[in-house]
$ cat protein_19.cif   # mmCIF, C-alpha atoms
data_my_file
loop_
_atom_site.label_atom_id
_atom_site.label_comp_id
_atom_site.auth_asym_id
_atom_site.auth_seq_id
_atom_site.Cartn_x
_atom_site.Cartn_y
_atom_site.Cartn_z
CA MET X 1 -86.57 -37.25 24.95
CA SER X 2 -85.90 -40.82 23.92
CA GLY X 3 -83.32 -39.53 21.40
CA GLU X 4 -81.39 -37.94 24.26
CA ALA X 5 -81.53 -41.17 26.26
CA ILE X 6 -80.22 -43.19 23.32
CA SER X 7 -77.43 -40.64 22.72
CA SER X 8 -76.49 -40.74 26.41
CA ALA X 9 -76.47 -44.54 26.39
CA ILE X 10 -74.29 -44.66 23.27
CA LEU X 11 -71.83 -42.13 24.78
CA THR X 12 -71.75 -44.05 28.05
CA ILE X 13 -71.05 -47.35 26.27
CA ALA X 14 -68.40 -45.68 24.09
CA SER X 15 -66.75 -44.20 27.19
CA ILE X 16 -66.67 -47.59 28.91
CA ILE X 17 -65.15 -49.22 25.80
CA CYS X 18 -62.50 -46.46 25.57
CA ALA X 19 -61.66 -46.80 29.27
CA PHE X 20 -61.38 -50.59 28.98
CA SER X 21 -59.16 -50.28 25.89
CA PHE X 22 -56.92 -47.76 27.63
CA VAL X 23 -56.54 -49.96 30.71
CA SER X 24 -55.85 -53.08 28.64
CA VAL X 25 -53.07 -51.24 26.76
CA VAL X 26 -51.49 -49.39 29.70
CA TYR X 27 -51.76 -52.08 32.43
CA PRO X 28 -49.15 -54.51 30.94
CA SER X 29 -46.69 -51.62 30.57
CA VAL X 30 -47.15 -50.60 34.19
CA ILE X 31 -46.69 -54.17 35.40
CA SER X 32 -43.56 -54.77 33.28
CA ALA X 33 -42.09 -51.46 34.48
CA GLY X 34 -42.27 -52.81 38.01
CA ASP X 35 -40.17 -55.92 37.25
CA PRO X 36 -36.78 -54.13 37.29
CA ILE X 37 -37.74 -52.43 40.51
CA ILE X 38 -38.66 -55.74 42.13
CA SER X 39 -35.48 -57.33 40.79
CA ARG X 40 -33.29 -54.51 42.15
CA THR X 41 -35.09 -54.63 45.49
CA ASN X 42 -34.36 -58.36 45.76
CA ALA X 43 -30.68 -57.77 44.89
CA MET X 44 -30.40 -55.03 47.50
CA GLY X 45 -32.01 -57.28 50.10
CA ASP X 46 -29.45 -59.97 49.26
CA GLN X 47 -26.60 -57.48 49.71
CA ILE X 48 -27.98 -56.17 52.99
CA GLN X 49 -28.18 -59.68 54.43
CA THR X 50 -24.64 -60.62 53.33
CA ASP X 51 -21.85 -59.68 55.69
CA PHE X 52 -18.49 -61.21 56.51
CA GLU X 53 -15.27 -60.22 58.21
CA ILE X 54 -11.64 -61.11 57.51
CA LEU X 55 -10.40 -62.54 60.81
CA HIS X 56 -6.79 -63.42 60.18
CA GLU X 57 -4.21 -63.93 57.45
CA THR X 58 -0.85 -65.69 57.59
CA THR X 59 1.68 -67.49 55.41
CA ALA X 60 2.00 -71.28 55.44
CA ASP X 61 4.09 -74.00 53.74
CA GLU X 62 7.35 -71.99 53.93
CA GLY X 63 5.53 -68.94 52.61
CA SER X 64 4.32 -70.53 49.38
CA GLU X 65 0.69 -70.15 50.50
CA VAL X 66 -1.29 -67.48 52.25
CA HIS X 67 -4.14 -68.61 54.49
CA ILE X 68 -7.02 -66.22 55.07
CA TRP X 69 -9.92 -66.83 57.46
CA VAL X 70 -13.20 -65.07 56.69
CA LYS X 71 -16.20 -65.35 59.04
CA ASN X 72 -19.80 -65.07 57.86
CA VAL X 73 -21.33 -62.57 60.30
CA GLY X 74 -24.44 -61.77 58.25
CA PRO X 75 -27.87 -63.33 58.69
CA LYS X 76 -27.70 -64.96 55.23
CA GLY X 77 -25.85 -68.11 54.29
CA ILE X 78 -24.03 -68.40 50.98
CA SER X 79 -24.39 -71.61 49.01
CA SER X 80 -21.25 -73.49 48.06
CA GLY X 81 -22.06 -72.93 44.39
CA LEU X 82 -21.78 -69.16 44.80
CA ILE X 83 -18.49 -69.03 46.73
CA PRO X 84 -16.30 -69.73 43.64
CA ARG X 85 -18.03 -66.80 41.92
CA SER X 86 -16.43 -64.50 44.49
CA ASP X 87 -13.39 -62.37 43.66
CA LEU X 88 -10.14 -62.39 45.59
CA PHE X 89 -7.58 -59.63 45.14
CA PHE X 90 -4.07 -59.99 46.53
CA GLY X 91 -0.66 -58.41 46.20
CA GLU X 92 1.64 -55.75 47.47
CA VAL X 93 -0.10 -52.50 48.24
CA GLY X 94 -0.50 -50.70 44.92
CA LYS X 95 0.40 -53.80 42.87
CA PHE X 96 -2.38 -56.25 43.63
CA GLU X 97 -4.27 -58.38 41.12
CA ARG X 98 -7.40 -60.50 40.89
CA ILE X 99 -6.58 -64.10 41.74
CA PRO X 100 -8.67 -66.73 39.89
CA TYR X 101 -10.45 -69.53 41.71
CA ASP X 102 -9.11 -73.07 41.14
CA GLU X 103 -10.86 -75.89 42.97
CA ASN X 104 -7.75 -78.10 42.88
CA GLY X 105 -5.34 -75.32 43.83
CA SER X 106 -2.78 -76.53 41.32
CA LEU X 107 -2.07 -73.37 39.33
CA ALA X 108 -0.42 -70.24 40.68
CA PRO X 109 -1.83 -67.74 41.23
CA CYS X 110 -5.06 -69.30 42.46
CA TRP X 111 -7.24 -69.76 45.49
CA ASN X 112 -9.58 -72.37 46.87
CA TYR X 113 -11.40 -72.77 50.14
CA SER X 114 -12.79 -75.03 52.82
CA ILE X 115 -15.55 -74.23 55.27
CA GLU X 116 -14.80 -74.83 58.93
CA GLN X 117 -17.64 -75.84 61.31
CA ASN X 118 -19.47 -77.07 58.22
CA ASN X 119 -22.53 -79.30 58.20
CA ASP X 120 -23.93 -78.83 54.69
CA ASN X 121 -21.29 -77.36 52.31
CA ASN X 122 -22.92 -73.92 52.56
CA TRP X 123 -21.22 -70.97 54.22
CA ASP X 124 -23.78 -70.31 56.93
CA LYS X 125 -23.89 -67.60 59.59
CA GLY X 126 -21.15 -68.14 62.15
CA GLU X 127 -19.04 -70.41 59.96
CA THR X 128 -15.51 -69.56 58.87
CA LEU X 129 -14.18 -69.83 55.36
CA GLN X 130 -10.51 -70.77 55.15
CA ILE X 131 -9.05 -69.51 51.89
CA ARG X 132 -5.80 -71.06 50.65
CA LEU X 133 -4.12 -68.65 48.27
CA LYS X 134 -1.14 -69.62 46.09
CA PRO X 135 0.53 -66.43 44.92
CA VAL X 136 2.97 -66.33 42.02
CA ASP X 137 5.73 -64.96 44.23
CA VAL X 138 6.38 -65.97 47.83
CA PRO X 139 5.37 -63.10 50.15
CA VAL X 140 8.38 -61.22 51.44
CA SER X 141 8.78 -60.17 55.05
CA ARG X 142 8.29 -56.51 55.97
CA VAL X 143 6.24 -55.85 52.82
CA LYS X 144 2.66 -54.69 53.25
CA TYR X 145 0.12 -56.85 51.37
CA PHE X 146 -3.47 -56.11 50.41
CA ILE X 147 -6.32 -58.65 50.46
CA LYS X 148 -9.85 -58.01 49.28
CA PHE X 149 -12.57 -60.64 49.23
CA SER X 150 -15.69 -59.72 47.27
CA ALA X 151 -18.73 -62.03 47.33
CA TYR X 152 -20.77 -62.90 44.25
CA ASN X 153 -23.16 -60.01 44.99
CA GLY X 154 -20.52 -57.28 45.39
CA VAL X 155 -20.30 -57.20 49.19
CA SER X 156 -16.61 -57.01 50.05
CA GLU X 157 -14.12 -56.82 52.89
CA GLU X 158 -10.46 -55.89 52.72
CA ALA X 159 -7.42 -56.13 54.97
CA TYR X 160 -3.72 -55.36 55.00
CA PHE X 161 -1.04 -57.55 56.51
CA THR X 162 2.72 -57.82 56.74
CA VAL X 163 4.69 -61.05 56.78
CA SER X 164 6.92 -61.13 59.86
#

$ encode --input "protein_19.cif" --output "structure tokens"
Amino acid sequence: MSGEAISSAILTIASIICAFSFVSVVYPSVISAGDPIISRTNAMGDQIQTDFEILHETTADEGSEVHIWVKNVGPKGISSGLIPRSDLFFGEVGKFERIPYDENGSLAPCWNYSIEQNNDNNWDKGETLQIRLKPVDVPVSRVKYFIKFSAYNGVSEEAYFTVS
């Protein structure tokens, strides 16, 4: 009888040790598998909260610049450090190109920006971003142009306009 009790105790202890070993090996893998899911969920939340709308576009300075106004209509503000990481596409329909950001606006093609109604250099909800775009060629009247602004996180808005 006592032999059976000792055997049962040894099997119970061995089972507990095996279970503990299994958990200690599998648990880190399960936790690390969740990291990409959490990361993707955070990225999707960022995209859902980002929204903007192109309000108006026009030529300025005898047509050597295009001014584009984009309003932040989403609940999330965008820090001034992330705005230059956005992409701007511009050109005739079917022949557009990505325009690089240039803070000084000295090279063509390039774009830079200022934030209207700004208190803190961030593009907050309700504020308007004025983009000054210097194309290589002066926009020609009666030609349809394409503009696409894509934020750092992939949220984008596009518009077409014609110079009158």

$ closest_atom_pairs --input "protein_19.cif" --of "range 3-98 of chain X" --to "range 123-140 of chain X" --cutoff "8 Å" --atoms "only C-alpha atoms" --output "CSV"
residue,atom,partner,partner_atom,distance
X:Thr59,CA,X:Pro139,CA,7.8
X:Gly63,CA,X:Val138,CA,5.7
X:Ser64,CA,X:Val138,CA,5.2
X:Glu65,CA,X:Lys134,CA,4.8
X:Val66,CA,X:Leu133,CA,5.0
X:His67,CA,X:Arg132,CA,4.8
X:Ile68,CA,X:Ile131,CA,5.0
X:Trp69,CA,X:Gln130,CA,4.6
X:Val70,CA,X:Leu129,CA,5.0
X:Lys71,CA,X:Thr128,CA,4.3
X:Asn72,CA,X:Lys125,CA,5.1
X:Val73,CA,X:Lys125,CA,5.7
X:Gly74,CA,X:Lys125,CA,6.0
X:Pro75,CA,X:Lys125,CA,5.9
X:Lys76,CA,X:Lys125,CA,6.4
X:Gly77,CA,X:Asp124,CA,4.0
X:Ile78,CA,X:Trp123,CA,5.0
X:Ser79,CA,X:Trp123,CA,6.1
X:Ser80,CA,X:Trp123,CA,6.7

$ resolve_selection --input "protein_19.cif" --expression "the PyMOL selection byres ((chain X and resi 148-154) around 10)" --output "VMD selection string"
chain X and resid 43 to 44 46 to 47 50 to 54 68 70 78 82 to 91 96 to 98 131 146 to 147 155 to 160

$ residues_around --input "protein_19.cif" --residues "range 141-144 of chain X" --least-positions-apart "2" --cutoff "6 Å" --atoms "all atoms listed in the file" --output "VMD selection string"
chain X and resid 92 161 to 164

$ atom_distance --input "protein_19.cif" --atom1 "CA of Leu55 in chain X" --atom2 "CA of Ser114 in chain X"
15.0 Å

$ resolve_selection --input "protein_19.cif" --expression "the PyMOL selection byres ((chain X and resi 110) around 8)" --output "list of chain:residue names"
X:Ile99, X:Pro100, X:Tyr101, X:Asp102, X:Gly105, X:Ser106, X:Leu107, X:Ala108, X:Pro109, X:Trp111, X:Asn112, X:Leu133, X:Lys134, X:Pro135

$ atom_distance --input "protein_19.cif" --atom1 "CA of Asn118 in chain X" --atom2 "CA of Gly45 in chain X"
24.8 Å

$ decode --input "protein_19.cif" --residues "range 119-133 of chain X" --atoms "N, CA and C atoms" --output "short mmCIF file (atom, residue, chain, number, x, y, z; two decimals), in the first residue's frame"
data_model
loop_
_atom_site.label_atom_id
_atom_site.label_comp_id
_atom_site.auth_asym_id
_atom_site.auth_seq_id
_atom_site.Cartn_x
_atom_site.Cartn_y
_atom_site.Cartn_z
N ASN X 119 -0.98 76.79 -33.11
CA ASN X 119 -0.54 77.23 -31.79
C ASN X 119 0.72 76.51 -31.33
N ASP X 120 1.01 75.32 -31.90
CA ASP X 120 2.08 74.51 -31.33
C ASP X 120 2.93 73.77 -32.36
N ASN X 121 2.89 74.13 -33.61
CA ASN X 121 3.66 73.50 -34.69
C ASN X 121 3.18 72.10 -35.04
N ASN X 122 2.13 71.61 -34.42
CA ASN X 122 1.54 70.33 -34.79
C ASN X 122 0.29 70.58 -35.62
N TRP X 123 -0.02 69.65 -36.49
CA TRP X 123 -1.19 69.77 -37.35
C TRP X 123 -2.36 69.12 -36.63
N ASP X 124 -3.05 69.91 -35.83
CA ASP X 124 -4.12 69.41 -34.98
C ASP X 124 -5.46 69.40 -35.72
N LYS X 125 -6.43 68.73 -35.12
CA LYS X 125 -7.78 68.67 -35.69
C LYS X 125 -8.30 70.09 -35.91
N GLY X 126 -8.84 70.31 -37.10
CA GLY X 126 -9.42 71.60 -37.44
C GLY X 126 -8.43 72.58 -38.07
N GLU X 127 -7.14 72.28 -38.02
CA GLU X 127 -6.16 73.19 -38.61
C GLU X 127 -5.92 72.84 -40.08
N THR X 128 -5.50 73.84 -40.83
CA THR X 128 -5.29 73.69 -42.26
C THR X 128 -3.81 73.77 -42.59
N LEU X 129 -3.37 72.83 -43.38
CA LEU X 129 -2.00 72.79 -43.86
C LEU X 129 -1.96 73.47 -45.22
N GLN X 130 -1.14 74.49 -45.37
CA GLN X 130 -0.96 75.10 -46.68
C GLN X 130 0.33 74.56 -47.27
N ILE X 131 0.20 73.84 -48.37
CA ILE X 131 1.36 73.26 -49.05
C ILE X 131 1.74 74.18 -50.22
N ARG X 132 3.01 74.54 -50.27
CA ARG X 132 3.54 75.31 -51.40
C ARG X 132 4.38 74.37 -52.24
N LEU X 133 3.92 74.13 -53.43
CA LEU X 133 4.55 73.17 -54.34
C LEU X 133 5.22 73.93 -55.48
#
